[in-house]
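Comments concern the structure below.
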Amino acid sequence: MNDDLLRELREQETSSKLHWFELDRRGFLQLLGGGLLICAAATRVVAQESGSGNRSHDLPKELSAWLHIGEDGRITAFTGKVEIGQNIRTSLAQQVAQELRVPINSVTLLMGDTEHVPWDAGTFGSRTTPTMAPQLRSASSTARDTLLQLAARKWSVDRATLVAEGGKIFNPRSKQSLSYGELTHGQNLVRTVAADPPDTPPAQYQFTGKPLTKLNGREIVTGKHQYPSDISRPGMLHGKIVRPSGFKAKLVSADTSAADKIPGVKVVRDTDFIGVVAPSVSAAQRAAEAIKAEWKVPPQPSNATLFDFLMQNVDSTQMSQQHVVGDIEKARQSADHSLDHNYTVQYIAHAPLEPRAAVAEWNGEQLTVWTGTQRPFGVRDELAEAFRLDPGQVRVIMPDTGSGYGGKHQGDAAIEAARLAKAAGKPVRVVWTREEEFTWAYFRPAGVIQARSGFMRDGTLRFWEFHNYNSGPSGINTPYNVPNQLIQYHPVDSPLRQGSYRGLAATANHFARESHMDEVADALKMDPLELRLKNLTDARLRAVLEAAAEKFGWGKVKPSTVRGFGIACGVEKGGYIATCAEVELDPKLHRFGIRRVTAAFECGRIVNPDGLENQISGAIVQGIGGALFEEVKFKDGRILNPHFADYRVPRFAEIPQIDIVMVDRNDLPSAGAGETPIVGIAPAVANALFSATGLRQRNMPLAPRP
Amino acid sequence: MILNINGVDHQLDAGAADEPLLSVLRNHLQLTGTKYGCGEGQCGACTILLDGMPIRSCITPAATVEHKKITTIEGLEQKGELHPAQAAFLQHDAMQCGYCTSGMIISAVGLLRSNPNPTDAEIVKYMNGNICRCGTYPRIVAAIKQAAKGGSR
């Protein structure tokens with residue numbers, strides 16, 4: 001696991017983690033009915049998830065449940081990972097079904113309910129496929145092994161002569177069979193995951209590698225699936241927050257008398273927090289608007305001064321590790337050529353189509369919150385902290401949510417709903433408006449990236465210096481062979497609230513690095529693909545570059561003033577991406593469009609080709625937004641474009657022809673695929689534009705709205 | 001106020017008349033298949049059919065649609081059989097998080113009613129007001145073409 005991810009995981013950890021394993025196993029079986037329950041030692045799982053290696057000396061006192069086979073044969077797998085459109089409900093069920101040899105529709109996944117699933121850091125960093133899937137596979141194969149033992153004992157035969165197939169244990173000699181339900185009936189068995197559970201040889205895979213559409217797709221196309229904003233509770237009221245007039249504002253005064261007079265409305269004030277509850281959304285809206293609040297907003301930077309601000313406000317208190325190889329000062333003397341350029345990226349918004357939403361319900365000192373979050377346990381702890389509760393008094397339930405892209409880590413809406421529900425004495429739902437979502441959520445960091453390179457006449461890189469101000473460290477290291485390197489991330493106290501994003505800073509770092517590589521190629525009049533291959537020995541990265549170039553027809557057509565071609569590549573979170581783009585220009589109108597994109601992606605063994613293609617294609621489409629026009633505009637502590645009318649996102653008309661090559665390395669473990677395919681599109685388009693115009697665009701977005 | 005939704009008349013409090021149709025559907029009638037995405041008619045998540053024509057329910061006052069036929073995503077499936085557009089979205093896995101899907105399907109039904117055999121360009125033009133933030137547009141275009149082949153109703 002790379003350092004960036006470790007750092008990110010560490011940031012998610014909180015001191016209350018020690019109290020997070022309090023599962024009462026007998027209670028669990030009472031809840032689920034009898035059958036077979038597969039548990040794992042909780043600390044082992046935490047160690048695995050956090051990547052902090054072997055902590056086996058911390059002997060587990062408690063166990064967490066991962067898999068249950070009911071007396072009716074129904075299989076339930078439990079995971080703290082959540083579904084936000086990346087399709088892990090399907091890909092994880094696929095792997096459980098595979099190990100248990102059952103039809104896929106007999107597997108149910110219980111996800112993101114803090115009362116019933118093992119602790120989990122959160123759904124980010126493309127960790128589900130590499131860490132959660134093996135965990136569930138181990139639990140499933142342990143269960144299969146237990147079922148084989150049960151049948152062997154029942155029939156008094158050697159277990160090795162039996163096979164598990166189609167939800168049954170089958171004795172090929174006697175032709176006898178027993179379904180899993182028959183075997184678990186009347187049982188109250190608890191087993192722990194075997195240290196080395198019998199893994200299925202890939203040759204016997206029935207589900208892994210086969211395309212499978214979304215398991216709960218029918219609920220979605222019929223409108224039946226309940227997203228967090230659809231949850232309703234008996235007696236539920238609607239909440240609304242009175243937002244400050246700008247960021248970092250202090251409340252000077254508030255007159256709530258007009259709102260207090262609206263029938264059924266309750267106004268809640270708690271320091272600088274002002275909210276209202278009402279029987280209807282429109283009454284809550286009217287009440288919030290009737291409150292006259294005066295705020296004092298301190299002076300703060302705007303887009304106009306952003307990049308200077310980032311360069312001049314490095315937070316020296318935060319440790320920023322230098323990545324040093326060789327001797328960069330010496331190398332400066334020996335390079336034939338050198339280049340020095342700055343690249344910039346603006347803040348962008350995740351803009352998940354479902355805004356933040358939460359329903360909170362108090363039962364005495366017990367709090368239950370339904371909310372859309374990528375960190376149900378993190379939000380549970382935020383709630384516990386906010387209301388001075390023990391985490392055990394808080395239950396967070398995360399229904400499959402209307403997307404996140406790294407944007408739904410925090411529990412803001414959950415805390416707001418809980419605060420209002422506490423005052424109202426009734427369940428309260430809070431759903432942010434689009435404007436609130438664009439303003440009070442957090443953004444993908446803006447950044448300045450300085451890239452300096454030195455190279456020889458034949459294209460060999462001599463030195464590489466790379467400083468990232470504020471964007472973040474993900475994907476900061478170069479995959480190219482450079483004997484002398486100095487790479488550093490410089491944290492800044494960001495003017496806007498910022499956080500995780502799809503691929504984190506890898507998008508920004510790849511934009512800068514792959515644009516700069518193109519500038520090196522241009523300085524030497526070398527083909528950009530040839531330059532990359534000359535400096536690359538990573539076979540997996542070379543393979544996707546060559547696959548993308550071949551499918552795209554790289555070099556077959558020469559660029560002209562109306563047509564340009566660009567290429568970019570990268571490796572991040574275990575996935576290898578190469579992206580080619582063709583742009584078409586209309587010089588008279590000073591406009592251009594992306595005509596064609598080809599991407600080759602490799603992430604080890606493919607679990608679900610249909611889901612993988614969907615993720616790669618979706619990442620390219622989302623990446624087009626950040627590459628071309630997405631940009632948060634802000635001034636004086638306010639967002640100037642907090643609506644879809646002003647903040648442009650990719651729509652049908654912007655979508656180019658997309659060709660995808662999925663390189664299947666079924667000899668390698670599967671990596672996650674939800675993030676990395678996004679990193680290639682922006683530099684590929686920037687490079688394509690340059691090949692047509694000879695003008696280098698070093699700011700993302702490349703074609704901002706005036 | 002009485003609203004005819006999916007073939008059923010619903011009696012509503014007079015107060016509901018002032019609310020957007022989306023809020024009435026979701027909060028008064030628990031028909032939550034229709035989604036809030038922006039409240040400004042910019043994203044299409046709230047699309048419903050009004051006398052067969054797609055409209056944005058978030059910017060439509062409920063009082064203006066009395067005596068008209070409203071169809072929501074919940075009303076497309078009939079006797080357990082999916083509408084061809086629903087079946088095509090399912091078959092093409094034309095979704096990721098699925099939050100835009102209701103509005104996409106309803107818009108697609110509207111398109112196929114007015115143009116039973118749309119070209120790719122016609123689909124793109126008609127659907128351009130609907131946002132899929134997960135970026136499944138190519139699959140949605142493919143699903144709509146499939147639905148056109150399957151016939152509309």
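As shown in the structure tokens, the chain order sets the letters A, B, ...; within each chain, residues go from 1, and ligands are also counted from 1 in the order they appear.
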
Set the cut-off to 9 Å and count only C-alpha atoms: what are the residues of chain A that reach chain B? Output as a count of residues only.
60

For the atom pair CA of Lys248 (chain A) and CA of Val430 (chain A), what is the interatomic distance in Å to one decimal place?
22.1 Å

Give me, as a CSV table (one decimal) with N, CA and C atoms, in the first residue's frame, the residues of region 100-132 of chain B that a backbone DSSP run labels alpha helix (DSSP H).
chain,number,residue,atom,x,y,z
B,101,THR,N,-31.8,7.9,-12.5
B,101,THR,CA,-32.4,6.9,-13.4
B,101,THR,C,-33.9,7.1,-13.6
B,102,SER,N,-34.6,7.5,-12.6
B,102,SER,CA,-36.1,7.7,-12.7
B,102,SER,C,-36.3,8.8,-13.8
B,103,GLY,N,-35.6,9.9,-13.6
B,103,GLY,CA,-35.8,11.1,-14.5
B,103,GLY,C,-35.3,10.7,-15.9
B,104,MET,N,-34.3,9.9,-16.0
B,104,MET,CA,-33.8,9.5,-17.3
B,104,MET,C,-34.9,8.7,-18.0
B,105,ILE,N,-35.4,7.7,-17.3
B,105,ILE,CA,-36.4,6.8,-17.9
B,105,ILE,C,-37.6,7.5,-18.3
B,106,ILE,N,-38.1,8.4,-17.4
B,106,ILE,CA,-39.3,9.2,-17.7
B,106,ILE,C,-39.1,10.1,-19.0
B,107,SER,N,-37.9,10.7,-19.0
B,107,SER,CA,-37.6,11.6,-20.2
B,107,SER,C,-37.5,10.7,-21.5
B,108,ALA,N,-36.9,9.5,-21.3
B,108,ALA,CA,-36.8,8.6,-22.5
B,108,ALA,C,-38.2,8.2,-23.0
B,109,VAL,N,-39.1,7.9,-22.0
B,109,VAL,CA,-40.5,7.5,-22.4
B,109,VAL,C,-41.1,8.7,-23.2
B,110,GLY,N,-40.9,9.9,-22.7
B,110,GLY,CA,-41.4,11.1,-23.4
B,110,GLY,C,-40.9,11.2,-24.8
B,111,LEU,N,-39.6,11.0,-24.9
B,111,LEU,CA,-38.9,11.0,-26.2
B,111,LEU,C,-39.5,10.0,-27.2
B,112,LEU,N,-39.7,8.8,-26.7
B,112,LEU,CA,-40.1,7.7,-27.6
B,112,LEU,C,-41.6,7.9,-28.0
B,113,ARG,N,-42.4,8.6,-27.1
B,113,ARG,CA,-43.7,8.9,-27.5
B,113,ARG,C,-43.8,9.9,-28.7
B,114,SER,N,-42.9,10.9,-28.7
B,114,SER,CA,-42.9,11.8,-29.7
B,114,SER,C,-42.1,11.4,-30.9
B,120,ASP,N,-29.1,8.7,-32.8
B,120,ASP,CA,-28.3,9.1,-31.6
B,120,ASP,C,-28.3,10.6,-31.4
B,121,ALA,N,-28.2,11.4,-32.4
B,121,ALA,CA,-28.2,12.8,-32.3
B,121,ALA,C,-29.5,13.3,-31.7
B,122,GLU,N,-30.6,12.7,-32.1
B,122,GLU,CA,-31.9,13.2,-31.5
B,122,GLU,C,-32.0,12.8,-30.1
B,123,ILE,N,-31.5,11.6,-29.7
B,123,ILE,CA,-31.5,11.2,-28.3
B,123,ILE,C,-30.7,12.2,-27.5
B,124,VAL,N,-29.5,12.5,-27.9
B,124,VAL,CA,-28.6,13.4,-27.2
B,124,VAL,C,-29.2,14.8,-27.0
B,125,LYS,N,-29.9,15.3,-28.1
B,125,LYS,CA,-30.5,16.6,-28.0
B,125,LYS,C,-31.7,16.6,-27.0
B,126,TYR,N,-32.5,15.6,-27.1
B,126,TYR,CA,-33.7,15.6,-26.2
B,126,TYR,C,-33.3,15.4,-24.8
B,127,MET,N,-32.3,14.5,-24.5
B,127,MET,CA,-31.9,14.2,-23.2
B,127,MET,C,-30.9,15.1,-22.5
